[in-house]
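Okay, structure first, notes after.
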Amino acid sequence: MLTQNLGYPRIGAFRELKKASELYWSGKESLQHLLTTGKKIREANWTLQKNAHIDLIPSNDFSFYDQVLDMSFTVNAIPERYHEIAEDRNNTETDLYFAMARGYQKDGKDIIAMEMTKWFDTNYHYIVPEFHKNQKFSLFSNKITNEYQEAKVLGIETKPVIIGPVSYLLLGKEKEDGFHRIELIKNLLPVYIEIIEKLEKMGAQWIQLDEPFLTLDLSDEEKKAYHLVYDQLRKKFPYLKIMVATYFDCTGDNLGLAVVLPIDALHIDLVRCPSQLNDILQTSFILSNTILSLGVIDGRNIWINDFEKSLSFIQKAIDVLGEDRVMIAPSCSLLHSPCDLDNEKDESVLTAEIKQWMAFAKQKIEEVANLKKLASIKDPQKLAIALKPNKDIIESRKNSPLIHKPQVKERVRNISDVHSRRASAFKIRQKKQEEALNLPLFPTTTIGSFPQTDEIRQLRAKLKNGTLSQDEYEQKVKSEIDRSILWQEEIGIDVLVHGEFERNDMVEYFGEQLDGYVFSQNGWVQSYGSRCVKPPIIYGDIERSKPMTVKWSQYAQSRTNHYMKGMLTGPVTILQWSFVRDDQSRSETTMQIALAIRDEVTDLEKAGIKIIQIDEPAIREGLPLHKADWDYYLNWAVKAFRISASGVKDETQIHTHMCYSEFNDIISHIANMDADVITIETSRSQMELLDAFADFNYPNEIGPGVYDIHSPRVPSVSEIENLLEKALAVIPARNLWVNPDCGLKTRKWAETELALKNMMIATKKLRQRI
Ligand code: GLN
Ligand code: ZN
């Protein structure tokens with residue numbers, strides 16, 4: 001029986017790659033420094049896995065930015081707009097690569113970056129390949145063979161990891177009409193063959209082709225492409241061992257396809273889809289010689305493995321297939337796990353009791369190796385002894401009073417319809433709110449945050465390291481709030497915000513104040529390029545022991561006669577951007593958070609706040625991979641939002657906010673959230689996203705974003721007027737709000753002031769006209 005790993009985190013345990021990349025981009029360090037940093041990380045990763053006795057160690061899982069971009073680079077899918085960069089002799093291959101990832105603004109050139117989007121249902125973002133009709137491919141970069149060779153020189157035999165050709169095409173986007181990207185498979189496959197041929201000549205024994213699209217809904221053409229590719233590869237390479245890796249969900253309808261592929265090993269994710277094992281063992285798969293790689297260790301979370309449970313999967317597979325046809329592995333690449341729990345040394349941050357329940361990438365590798373050892377123990381008594389330490393930890397987690405709070409579970413159990421319904425229907429609420437709030441037509445507001453200047457970040461850092469007292473800190477934040485209020489009043493915004501200066505991050509800020517959360521010091525995970533996130537960790541039942549934002553909102557409201565919006569993050573977004581418990585369902589955890597937010601909402605109301613915004617930018621990204629599962633998810637997600645929002649009287653106006661998302665296919669659920677006002681990001685789509693609302697006859701009020709906050713560019717008055725006209729064509733005037741696309745925390749004050757002034761002028765002009 002072999003062990004394997006599908007991919008290891010490449011940022012370095014202390015984000016070495018992030019630091020080196022950013023130094024290189026800013027011109028402060030040489031290319032050599034960056035390349036050496038990458039090399040050191042690869043060597044450390046390989047060595048670690050070798051020392052842990054992993055049989056199949058991945059190579060080409062490293063990347064300076066993104067593995068999909070690497071593939072585009074490898075097969076020369078380099079969009080034409082970058083060709084002039086390649087032709088400039090002053091530029092290296094690395095410069096070309098980063099230009100594709102990040103855009104290029106130098107010597108009068110201004111070339112935009114390739115698009116970026118989410119990697120399946122993770123928080124990792126990849127660079128979207130761009131495809132044209134009849135596109136040709138050729139071998140451009142030798143990254144795959146180079147890395148294989150690099151490991152070999154170190155005496156480490158690796159299994160190159162390559163995105164499978166079908167998934168690679170499906171990850172991309174057609175840049176012109178009249179074809180489907182899957183048609184390019186015949187042009188693409190020869191380059192894959194060329195690469196694999198080289199690897200085989202160099203001595204590679206195994207290759208791993210990642211085909212995560214096997215867990216999504218596939219068209220007939222796409223299914224055909226799978227047969228074509230793997231039949232051809234088999235013909236070309238009768239001896240090389242080819243593994244196909246699936247992950248993130250059940251292969252579902254594609255199971256029949258996956259089990260007949262003429263390959264040497266098939267990897268399945270038993271964390272996301274445990275039922276898959278039984279399903280496979282009932283197919284003709286058992287008559288083949290194909291090895292089954294069991295993804296039993298969660299590559300996307302931070303909890304230790306339940307060895308007994310994993311062993312039962314392994315044993316079941318061995319019983320049917322025999323030991324030689326079973327492999328043990330993490331469920332997916334460990335790219336989505338933080339690096340090393342051993343670096344969490346501060347017990348005041350992460351106590352020993354909680355830490356023992358956790359495993360990061362390095363610990364997961366050890367778990368893989370341990371499972372192999374355990375699986376080889378035949379004597380039940382010896383096995384019981386060997387299993388005991390793990391069993392004790394699992395047991396302590398099941399029963400710990402740190403985790404389980406009966407009063408929280410009880411409250412969730414007692415949720416009923418009344419908790420998820422406002423007192424009256426929207427039409428009645430709207431009237432009452434109009435009377436109570438008396439806002440002008442086309443009320444203006446912003447989404448919450450104002451520029452997070454270096455000065456403000458410094459304040460938080462100083463508070464943390466003790467050079468600033470809590471009192472001094474609060475005084476400084478208050479003066480920032482005062483300044484922003486004066487300024488908002490001056491330009492005439494109707495519904496003010498306090499600016500969120502006291503918040504480091506919209507989820508972490510709440511996590512720090514909720515019971516049931518812990519934080520790591522080094523638990524970084526790559527989000528995209530050099531950007532890493534350190535998700536807070538939900539380990540126990542969530543409870544709010546005291547108000548979290550009321551003091552700040554109340555202070556801000558006391559400084560103005562205008563309405564001050566209370567500002568909260570919604571339960572689904574809090575869940576989505578945290579590491580979550582694996583000992584209860586996501587929906588259960590979300591209901592606990594929803595009740596905590598509900599208490600905060602009602603406390604804000606009691607404190608005199610009349611308008612409260614509950615941000616839910618992450619609702620869409622939580623969608624399951626299979627469409628068939630969407631309704632189930634959306635039902636509980638929307639219910640959680642409603643629970644958080646429904647504790648207030650009709651006159652209190654509830655807002656929600658969502659960033660750029662397609663609403664077409666989920667609009668009925670968005671309407672079902674029943675927020676009095678929804679603000680959304682629409683400017684980049686030129687208000688096209690509003691069509692979904694118009695077609696649906698969306699009844700509640702809407703604030704479509706009138707300018708893009710991702711760029712420092714200041715929109716002109718006429719541009720904003722133009723967008724507002726477009727909005728008015730589809731949204732009743734009574735329901736229309738005016739606001740930017742999203743929060744302004746990443747912007748500078750200079751551009752923010754100009755942009756919002758223009759937004760006010762455009763609104764006033766519109767009011768005069770109507
Ligand atoms: N209220 C948050 C802000 O303005 C919303 C951020 C978001 O939508 N991602 O920063
Ligand atoms: Zn947003």
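Naming scheme: A, B, ... for chains in displayed order of the structure tokens; residues 1 onward per chain; ligands 1 onward as shown.
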Could you give me, as an mmCIF file with C-alpha atoms, in the first residue's frame, the residues within 12 Å of stretch 57-59 of chain A, counting only C-alpha atoms and dropping anything in the same chain fewer than 6 positions from it?
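What follows is the written file part.cif:
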```
data_model
loop_
_atom_site.group_PDB
_atom_site.id
_atom_site.type_symbol
_atom_site.label_atom_id
_atom_site.label_comp_id
_atom_site.auth_asym_id
_atom_site.auth_seq_id
_atom_site.Cartn_x
_atom_site.Cartn_y
_atom_site.Cartn_z
ATOM 1 C CA LEU A 2 1.363 3.408 -0.998
ATOM 2 C CA THR A 3 0.935 6.848 0.521
ATOM 3 C CA GLN A 4 0.821 9.993 -1.504
ATOM 4 C CA ASN A 5 0.291 13.736 -1.340
ATOM 5 C CA LEU A 6 -1.496 15.805 -3.987
ATOM 6 C CA GLY A 7 0.249 19.121 -3.348
ATOM 7 C CA TYR A 8 1.937 21.041 -0.531
ATOM 8 C CA PRO A 9 1.517 24.744 0.442
ATOM 9 C CA ARG A 10 4.059 26.854 -1.434
ATOM 10 C CA LYS A 39 13.968 26.927 -4.677
ATOM 11 C CA ILE A 41 10.719 26.406 -0.334
ATOM 12 C CA ARG A 42 10.524 23.534 -2.816
ATOM 13 C CA GLU A 43 13.494 21.802 -1.286
ATOM 14 C CA ASN A 45 8.716 20.804 1.160
ATOM 15 C CA TRP A 46 10.164 17.790 -0.631
ATOM 16 C CA THR A 47 12.520 17.006 2.208
ATOM 17 C CA LEU A 48 9.759 17.228 4.759
ATOM 18 C CA GLN A 49 7.614 14.777 2.816
ATOM 19 C CA LYS A 50 10.503 12.455 2.178
ATOM 20 C CA ASN A 51 11.410 12.391 5.849
ATOM 21 C CA GLN A 67 -0.830 26.832 -10.976
ATOM 22 C CA LYS A 143 8.709 24.460 -15.487
ATOM 23 C CA ILE A 144 7.268 20.958 -15.107
ATOM 24 C CA THR A 145 10.370 19.095 -16.255
ATOM 25 C CA ASN A 146 12.698 21.542 -14.514
ATOM 26 C CA GLU A 147 11.087 20.998 -11.148
ATOM 27 C CA TYR A 148 11.064 17.252 -11.599
ATOM 28 C CA GLN A 149 14.789 17.406 -12.380
ATOM 29 C CA GLU A 150 15.481 19.757 -9.498
ATOM 30 C CA ALA A 151 14.043 17.231 -7.046
ATOM 31 C CA LYS A 152 15.880 14.370 -8.693
ATOM 32 C CA ILE A 156 14.022 12.829 -4.353
ATOM 33 C CA GLU A 157 11.865 11.013 -6.857
ATOM 34 C CA THR A 158 8.664 12.978 -7.405
ATOM 35 C CA LYS A 159 5.325 12.648 -9.097
ATOM 36 C CA PRO A 160 4.777 15.719 -11.306
ATOM 37 C CA VAL A 161 1.352 17.275 -10.745
ATOM 38 C CA ILE A 162 -0.239 18.742 -13.851
ATOM 39 C CA LEU A 199 9.101 13.355 -18.071
ATOM 40 C CA ALA A 204 9.316 9.756 -14.040
ATOM 41 C CA GLN A 205 7.281 6.776 -12.913
ATOM 42 C CA TRP A 206 4.061 8.468 -11.901
ATOM 43 C CA ILE A 207 2.264 11.570 -13.075
ATOM 44 C CA GLN A 208 -0.809 13.111 -11.488
ATOM 45 C CA LEU A 209 -3.340 14.820 -13.728
ATOM 46 C CA ASP A 210 -5.802 16.922 -11.734
ATOM 47 C CA MET A 243 -3.142 9.076 -11.885
ATOM 48 C CA ALA A 329 -3.850 10.520 0.748
ATOM 49 C CA SER A 333 -3.924 19.493 -2.367
ATOM 50 C CA LEU A 334 -2.767 20.886 0.966
ATOM 51 C CA LEU A 335 -2.551 24.283 -0.738
ATOM 52 C CA ILE A 365 1.522 14.565 6.052
#
```
Could you tell me, counting only C-alpha atoms and all ligand atoms, which protein and nucleic acid residues lie no more than 6 Å from ligand 1, written as a list in words?
Ile447, Gly448, Ser449, Pro617, Met658, Cys659, Cys742, Gly743 and Lys745 of chain A
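With only C-alpha atoms and all ligand atoms as the atoms that count, the minimum distance from ligand 2 to the choices A:Ile680, A:Leu486, A:Leu261, A:Ile318 is reached by A:Ile680.
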Residue nearest ligand 2 - candidates A:Ile731, A:Leu321, A:Ala692, A:Thr679, atoms counted: only C-alpha atoms and all ligand atoms:
A:Thr679
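With only C-alpha atoms and all ligand atoms as the atoms that count, the minimum distance from ligand 2 to the choices A:Ile614, A:Val648, A:Leu139, A:Leu736 is reached by A:Ile614.
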I want to know what sits within 10 Å of stretch 274-279 of chain A, based on only C-alpha atoms, with residues of the same chain fewer than 2 positions away left out; could you give that as a count of residues only?
22
Name the residues of stretch 593-734 of chain A that fall into alpha helix (DSSP H) according to DSSP on the backbone, using the chain letters and numbers of this document, as JSON, numbers by chain.
{"A": [593, 594, 595, 596, 597, 598, 599, 600, 601, 602, 603, 604, 605, 606, 630, 631, 632, 633, 634, 635, 636, 637, 638, 639, 640, 641, 642, 643, 644, 645, 667, 668, 669, 670, 671, 672, 673, 690, 691, 692, 693, 694, 695, 717, 718, 719, 720, 721, 722, 723, 724, 725, 726, 727, 728, 729, 730]}
Suppose we keep C-alpha atoms; can you now write the selection as a CSV table (one decimal), in the first residue's frame?
```
chain,number,residue,atom,x,y,z
A,593,ILE,CA,-23.7,32.9,14.4
A,594,ALA,CA,-27.1,34.2,13.1
A,595,LEU,CA,-28.4,34.3,16.7
A,596,ALA,CA,-25.4,36.2,17.8
A,597,ILE,CA,-25.8,38.8,15.0
A,598,ARG,CA,-29.5,39.0,15.8
A,599,ASP,CA,-28.7,40.0,19.3
A,600,GLU,CA,-26.3,42.6,18.1
A,601,VAL,CA,-29.0,44.0,15.7
A,602,THR,CA,-31.6,44.3,18.4
A,603,ASP,CA,-29.0,46.0,20.7
A,604,LEU,CA,-28.2,48.5,18.0
A,605,GLU,CA,-31.9,49.2,17.6
A,606,LYS,CA,-32.2,49.7,21.4
A,630,TRP,CA,-28.0,24.8,-4.5
A,631,ASP,CA,-31.5,25.1,-3.2
A,632,TYR,CA,-30.7,23.2,0.0
A,633,TYR,CA,-27.8,25.5,0.7
A,634,LEU,CA,-29.5,28.7,-0.3
A,635,ASN,CA,-32.5,27.9,1.9
A,636,TRP,CA,-30.5,27.7,5.1
A,637,ALA,CA,-28.1,30.5,4.1
A,638,VAL,CA,-31.1,32.9,3.5
A,639,LYS,CA,-32.8,31.7,6.6
A,640,ALA,CA,-29.7,32.5,8.7
A,641,PHE,CA,-29.7,36.0,7.2
A,642,ARG,CA,-33.3,36.4,8.0
A,643,ILE,CA,-32.9,35.3,11.6
A,644,SER,CA,-30.1,37.8,12.0
A,645,ALA,CA,-32.3,40.6,10.6
A,667,ILE,CA,-32.5,36.0,-7.7
A,668,SER,CA,-35.5,34.4,-6.0
A,669,HIS,CA,-33.3,33.5,-3.0
A,670,ILE,CA,-31.9,37.0,-2.9
A,671,ALA,CA,-35.4,38.4,-2.9
A,672,ASN,CA,-36.2,35.9,-0.1
A,673,MET,CA,-33.6,37.6,2.1
A,690,LEU,CA,-29.6,44.9,-12.5
A,691,ASP,CA,-31.5,43.1,-15.2
A,692,ALA,CA,-31.9,40.1,-13.0
A,693,PHE,CA,-33.7,42.3,-10.4
A,694,ALA,CA,-35.8,44.0,-13.0
A,695,ASP,CA,-36.9,40.7,-14.7
A,717,VAL,CA,-20.3,63.3,-12.9
A,718,SER,CA,-21.7,62.4,-16.3
A,719,GLU,CA,-20.5,58.8,-16.0
A,720,ILE,CA,-22.4,58.4,-12.7
A,721,GLU,CA,-25.5,60.2,-14.2
A,722,ASN,CA,-25.4,57.8,-17.0
A,723,LEU,CA,-25.3,54.8,-14.8
A,724,LEU,CA,-28.1,56.2,-12.7
A,725,GLU,CA,-30.2,56.7,-15.8
A,726,LYS,CA,-29.7,53.1,-16.7
A,727,ALA,CA,-30.7,52.0,-13.3
A,728,LEU,CA,-33.8,54.2,-13.4
A,729,ALA,CA,-34.9,52.5,-16.6
A,730,VAL,CA,-35.3,49.3,-14.7
```
With distances taken over only C-alpha atoms, which of A:Phe307, A:Phe426, A:Phe442, A:Tyr473 is nearest to A:Glu395?
A:Phe307
Pick the closest to A:Phe501 from A:Pro547, A:Leu463, A:Phe450, A:Glu29: which is it, counting only C-alpha atoms?
A:Phe450
Residue nearest A:Trp487 - candidates A:Glu753, A:Glu455, A:Asp582, A:Glu87, atoms counted: only C-alpha atoms
A:Glu753
Env of A:His83: 12 Å cut, atoms = only C-alpha atoms, seq-sep filter 2 positions within chain, self excluded. Answer as a list in words.
Asn76, Ala77, Ile78, Pro79, Glu80, Arg81, Ile85, Ala86, Glu87, Asp88, Arg89, Asn91, Glu93, Asp95, Leu96, Tyr97, Ala99, Met100, Tyr104 and Ile111 of chain A
Serialized selection, C-alpha atoms, as a short mmCIF file (atom, residue, chain, number, x, y, z; two decimals), in the first residue's frame:
```cif
data_model
loop_
_atom_site.label_atom_id
_atom_site.label_comp_id
_atom_site.auth_asym_id
_atom_site.auth_seq_id
_atom_site.Cartn_x
_atom_site.Cartn_y
_atom_site.Cartn_z
CA ASN A 76 1.90 29.06 -24.61
CA ALA A 77 -1.63 30.25 -24.05
CA ILE A 78 -0.21 33.74 -23.68
CA PRO A 79 -2.72 36.38 -24.80
CA GLU A 80 -1.56 38.59 -27.62
CA ARG A 81 -1.56 41.77 -25.59
CA ILE A 85 6.48 42.43 -23.28
CA ALA A 86 7.99 39.16 -24.41
CA GLU A 87 9.65 40.88 -27.36
CA ASP A 88 11.28 43.54 -25.18
CA ARG A 89 14.76 42.19 -24.48
CA ASN A 91 12.17 41.73 -19.81
CA GLU A 93 10.37 35.31 -18.74
CA ASP A 95 8.45 39.60 -16.04
CA LEU A 96 6.18 38.28 -18.76
CA TYR A 97 4.64 35.81 -16.32
CA ALA A 99 2.59 40.84 -16.36
CA MET A 100 -0.07 38.26 -17.17
CA TYR A 104 1.95 45.83 -16.80
CA ILE A 111 -1.62 46.31 -20.30
#
```
For A:Gln452, please output as a PyMOL selection string all residues within 12 Å (counting only C-alpha atoms; exclusion window: fewer than 5 positions along the same chain).
chain A and resi 457-460+477+480+499-505+743-749+752
Take the residues just selected and output them with C-alpha atoms as a JSON list (two decimals), in the first residue's frame.
```json
[["chain", "number", "residue", "atom", "x", "y", "z"],
["A", 457, "ARG", "CA", -3.08, 50.42, 10.83],
["A", 458, "GLN", "CA", -0.28, 51.76, 13.00],
["A", 459, "LEU", "CA", -2.77, 52.57, 15.74],
["A", 460, "ARG", "CA", -3.92, 48.97, 15.88],
["A", 477, "VAL", "CA", -10.37, 56.20, 16.49],
["A", 480, "GLU", "CA", -11.14, 59.65, 12.89],
["A", 499, "GLY", "CA", -15.95, 54.31, 8.64],
["A", 500, "GLU", "CA", -15.00, 50.98, 10.27],
["A", 501, "PHE", "CA", -11.64, 52.41, 11.39],
["A", 502, "GLU", "CA", -11.61, 50.11, 14.43],
["A", 503, "ARG", "CA", -11.80, 46.95, 12.30],
["A", 504, "ASN", "CA", -8.84, 44.97, 11.00],
["A", 505, "ASP", "CA", -11.05, 42.76, 8.85],
["A", 743, "GLY", "CA", -16.42, 49.71, 0.93],
["A", 744, "LEU", "CA", -13.63, 52.23, 0.45],
["A", 745, "LYS", "CA", -11.00, 50.77, 2.76],
["A", 746, "THR", "CA", -8.49, 50.08, 0.00],
["A", 747, "ARG", "CA", -8.71, 53.59, -1.46],
["A", 748, "LYS", "CA", -6.90, 56.82, -0.58],
["A", 749, "TRP", "CA", -8.76, 59.82, 0.83],
["A", 752, "THR", "CA", -12.49, 59.00, -2.28]]
```
Shell around stretch 13-19 of chain A at 12 Å using only C-alpha atoms, local window under 3 positions removed, as a PyMOL selection string
chain A and resi 8-10+22-26+28-29+33-42+44-45+62-65+335+337-344+360-362+521-534
Okay, now the selection with N, CA and C atoms, as a short mmCIF file (atom, residue, chain, number, x, y, z; two decimals), in the first residue's frame?
```
data_model
loop_
_atom_site.label_atom_id
_atom_site.label_comp_id
_atom_site.auth_asym_id
_atom_site.auth_seq_id
_atom_site.Cartn_x
_atom_site.Cartn_y
_atom_site.Cartn_z
N TYR A 8 1.57 20.50 -1.84
CA TYR A 8 1.94 21.04 -0.53
C TYR A 8 1.87 22.57 -0.61
N PRO A 9 1.56 23.27 0.49
CA PRO A 9 1.52 24.74 0.44
C PRO A 9 2.86 25.31 -0.03
N ARG A 10 2.81 26.36 -0.81
CA ARG A 10 4.06 26.85 -1.43
C ARG A 10 4.42 28.25 -0.99
N GLU A 22 6.95 40.36 -3.27
CA GLU A 22 6.64 41.79 -3.16
C GLU A 22 7.91 42.64 -3.21
N LEU A 23 8.99 42.10 -2.65
CA LEU A 23 10.26 42.84 -2.73
C LEU A 23 10.72 42.92 -4.19
N TYR A 24 10.53 41.83 -4.91
CA TYR A 24 10.93 41.84 -6.31
C TYR A 24 10.06 42.81 -7.12
N TRP A 25 8.76 42.77 -6.90
CA TRP A 25 7.86 43.66 -7.65
C TRP A 25 8.18 45.13 -7.40
N SER A 26 8.56 45.42 -6.15
CA SER A 26 8.82 46.84 -5.85
C SER A 26 10.23 47.25 -6.23
N LYS A 28 12.98 46.20 -4.95
CA LYS A 28 13.92 46.26 -3.83
C LYS A 28 14.83 45.04 -3.75
N GLU A 29 14.44 43.96 -4.43
CA GLU A 29 15.27 42.75 -4.43
C GLU A 29 15.42 42.24 -5.86
N HIS A 33 17.08 36.68 -6.01
CA HIS A 33 16.60 36.51 -4.64
C HIS A 33 15.25 35.79 -4.63
N LEU A 34 14.41 36.19 -5.55
CA LEU A 34 13.08 35.56 -5.64
C LEU A 34 13.22 34.08 -6.04
N LEU A 35 14.04 33.83 -7.07
CA LEU A 35 14.19 32.46 -7.56
C LEU A 35 14.78 31.55 -6.47
N THR A 36 15.73 32.09 -5.74
CA THR A 36 16.35 31.30 -4.67
C THR A 36 15.33 31.00 -3.58
N THR A 37 14.51 31.99 -3.27
CA THR A 37 13.49 31.76 -2.24
C THR A 37 12.57 30.62 -2.67
N GLY A 38 12.15 30.63 -3.92
CA GLY A 38 11.28 29.57 -4.43
C GLY A 38 11.96 28.22 -4.32
N LYS A 39 13.22 28.18 -4.70
CA LYS A 39 13.97 26.93 -4.68
C LYS A 39 14.07 26.36 -3.26
N LYS A 40 14.32 27.27 -2.31
CA LYS A 40 14.44 26.83 -0.91
C LYS A 40 13.12 26.25 -0.41
N ILE A 41 12.03 26.90 -0.78
CA ILE A 41 10.72 26.41 -0.33
C ILE A 41 10.46 25.02 -0.90
N ARG A 42 10.75 24.85 -2.20
CA ARG A 42 10.52 23.53 -2.82
C ARG A 42 11.35 22.46 -2.13
N ALA A 44 12.58 22.45 0.86
CA ALA A 44 12.09 22.19 2.22
C ALA A 44 10.84 21.31 2.18
N ASN A 45 9.96 21.59 1.25
CA ASN A 45 8.72 20.80 1.16
C ASN A 45 9.00 19.35 0.80
N PHE A 62 4.52 23.66 -6.84
CA PHE A 62 4.98 25.00 -6.50
C PHE A 62 4.52 25.98 -7.58
N SER A 63 4.35 27.24 -7.21
CA SER A 63 4.07 28.25 -8.22
C SER A 63 4.47 29.62 -7.68
N PHE A 64 4.97 30.47 -8.58
CA PHE A 64 5.27 31.83 -8.15
C PHE A 64 4.01 32.68 -8.08
N TYR A 65 2.91 32.21 -8.67
CA TYR A 65 1.68 32.99 -8.57
C TYR A 65 0.46 32.08 -8.52
N LEU A 335 -2.59 22.85 -0.44
CA LEU A 335 -2.55 24.28 -0.74
C LEU A 335 -3.53 25.06 0.14
N SER A 337 -4.46 24.35 3.21
CA SER A 337 -4.20 24.24 4.64
C SER A 337 -3.07 25.19 5.02
N PRO A 338 -3.05 25.68 6.26
CA PRO A 338 -1.87 26.41 6.72
C PRO A 338 -0.69 25.45 6.88
N CYS A 339 0.52 25.99 7.00
CA CYS A 339 1.71 25.12 6.89
C CYS A 339 1.99 24.23 8.09
N ASP A 340 2.20 24.82 9.25
CA ASP A 340 2.78 24.01 10.32
C ASP A 340 2.28 24.45 11.69
N LEU A 341 1.56 23.56 12.33
CA LEU A 341 1.01 23.85 13.66
C LEU A 341 2.11 24.05 14.70
N ASP A 342 3.29 23.45 14.45
CA ASP A 342 4.38 23.59 15.41
C ASP A 342 4.82 25.04 15.59
N ASN A 343 4.48 25.88 14.62
CA ASN A 343 4.86 27.29 14.75
C ASN A 343 3.88 28.09 15.60
N GLU A 344 2.84 27.45 16.09
CA GLU A 344 1.89 28.12 16.98
C GLU A 344 2.37 27.90 18.41
N PHE A 360 -2.13 21.06 10.79
CA PHE A 360 -1.88 21.85 9.59
C PHE A 360 -1.20 20.93 8.56
N ALA A 361 -0.69 21.49 7.48
CA ALA A 361 -0.19 20.66 6.38
C ALA A 361 0.87 19.65 6.85
N LYS A 362 1.86 20.13 7.59
CA LYS A 362 2.93 19.22 8.00
C LYS A 362 2.36 18.07 8.84
N GLN A 521 -1.34 32.26 14.85
CA GLN A 521 -0.38 33.34 14.58
C GLN A 521 0.19 33.25 13.18
N ASN A 522 0.32 32.02 12.71
CA ASN A 522 0.96 31.81 11.40
C ASN A 522 0.12 30.95 10.46
N GLY A 523 -1.14 30.83 10.74
CA GLY A 523 -1.99 29.95 9.93
C GLY A 523 -2.42 30.56 8.62
N TRP A 524 -1.42 30.97 7.82
CA TRP A 524 -1.71 31.65 6.56
C TRP A 524 -2.03 30.65 5.45
N VAL A 525 -2.95 31.05 4.59
CA VAL A 525 -3.29 30.25 3.41
C VAL A 525 -3.29 31.19 2.21
N GLN A 526 -2.77 30.69 1.08
CA GLN A 526 -2.72 31.55 -0.11
C GLN A 526 -4.13 31.84 -0.61
N SER A 527 -4.40 33.10 -0.91
CA SER A 527 -5.68 33.47 -1.49
C SER A 527 -5.50 33.72 -2.98
N TYR A 528 -4.54 34.57 -3.33
CA TYR A 528 -4.11 34.66 -4.73
C TYR A 528 -2.76 35.34 -4.75
N GLY A 529 -1.91 34.94 -5.69
CA GLY A 529 -0.60 35.56 -5.83
C GLY A 529 0.09 35.66 -4.48
N SER A 530 0.47 36.86 -4.11
CA SER A 530 1.17 37.01 -2.84
C SER A 530 0.20 37.28 -1.70
N ARG A 531 -1.10 37.33 -2.01
CA ARG A 531 -2.06 37.62 -0.96
C ARG A 531 -2.41 36.35 -0.18
N CYS A 532 -2.23 36.43 1.14
CA CYS A 532 -2.56 35.30 1.99
C CYS A 532 -3.62 35.73 3.00
N VAL A 533 -4.43 34.80 3.44
CA VAL A 533 -5.39 35.11 4.49
C VAL A 533 -5.14 34.19 5.68
N LYS A 534 -5.53 34.68 6.84
CA LYS A 534 -5.37 33.87 8.06
C LYS A 534 -6.76 33.71 8.65
#
```
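For the atom pair formed by atom CA of A:Val507 and atom CA of A:Glu621, the distance is 15.3 Å, given to one decimal.
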Looking only at strand (DSSP E or B) from DSSP on the backbone, list the matching residues of stretch 332-539 of chain A as a PyMOL selection string.
chain A and resi 358+444-445+449+495-496+499+514-518+525-528+531-533+537-539
Given the selection you just returned, output its residues as a file containing C-alpha atoms, formatted as a JSON list (two decimals), in the first residue's frame.
```json
[["chain", "number", "residue", "atom", "x", "y", "z"],
["A", 358, "MET", "CA", -5.67, 20.57, 15.16],
["A", 444, "THR", "CA", -27.19, 58.48, -0.84],
["A", 445, "THR", "CA", -24.92, 56.33, 1.33],
["A", 449, "SER", "CA", -15.44, 51.43, 5.36],
["A", 495, "VAL", "CA", -27.15, 58.06, 5.46],
["A", 496, "LEU", "CA", -23.75, 58.18, 7.13],
["A", 499, "GLY", "CA", -15.95, 54.31, 8.64],
["A", 514, "LEU", "CA", -17.42, 35.96, 19.74],
["A", 515, "ASP", "CA", -16.94, 32.98, 22.06],
["A", 516, "GLY", "CA", -16.12, 29.82, 20.13],
["A", 517, "TYR", "CA", -13.38, 31.38, 17.99],
["A", 518, "VAL", "CA", -9.60, 31.03, 18.19],
["A", 525, "VAL", "CA", -3.29, 30.25, 3.41],
["A", 526, "GLN", "CA", -2.72, 31.55, -0.11],
["A", 527, "SER", "CA", -5.68, 33.47, -1.49],
["A", 528, "TYR", "CA", -4.11, 34.66, -4.73],
["A", 531, "ARG", "CA", -2.06, 37.62, -0.96],
["A", 532, "CYS", "CA", -2.56, 35.30, 1.99],
["A", 533, "VAL", "CA", -5.39, 35.11, 4.49],
["A", 537, "ILE", "CA", -11.04, 29.30, 13.51],
["A", 538, "ILE", "CA", -14.46, 28.34, 14.82],
["A", 539, "TYR", "CA", -13.83, 25.55, 17.31]]
```
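Relative to atom CA of A:Thr589, atom CA of A:Ser310 is found at 24.1 Å.
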A:Thr549: which residues within 9 Å, counting only C-alpha atoms, same-chain residues fewer than 4 positions away excluded, as a VMD selection string?
chain A and resid 510 553 to 554 566 to 568 600 604
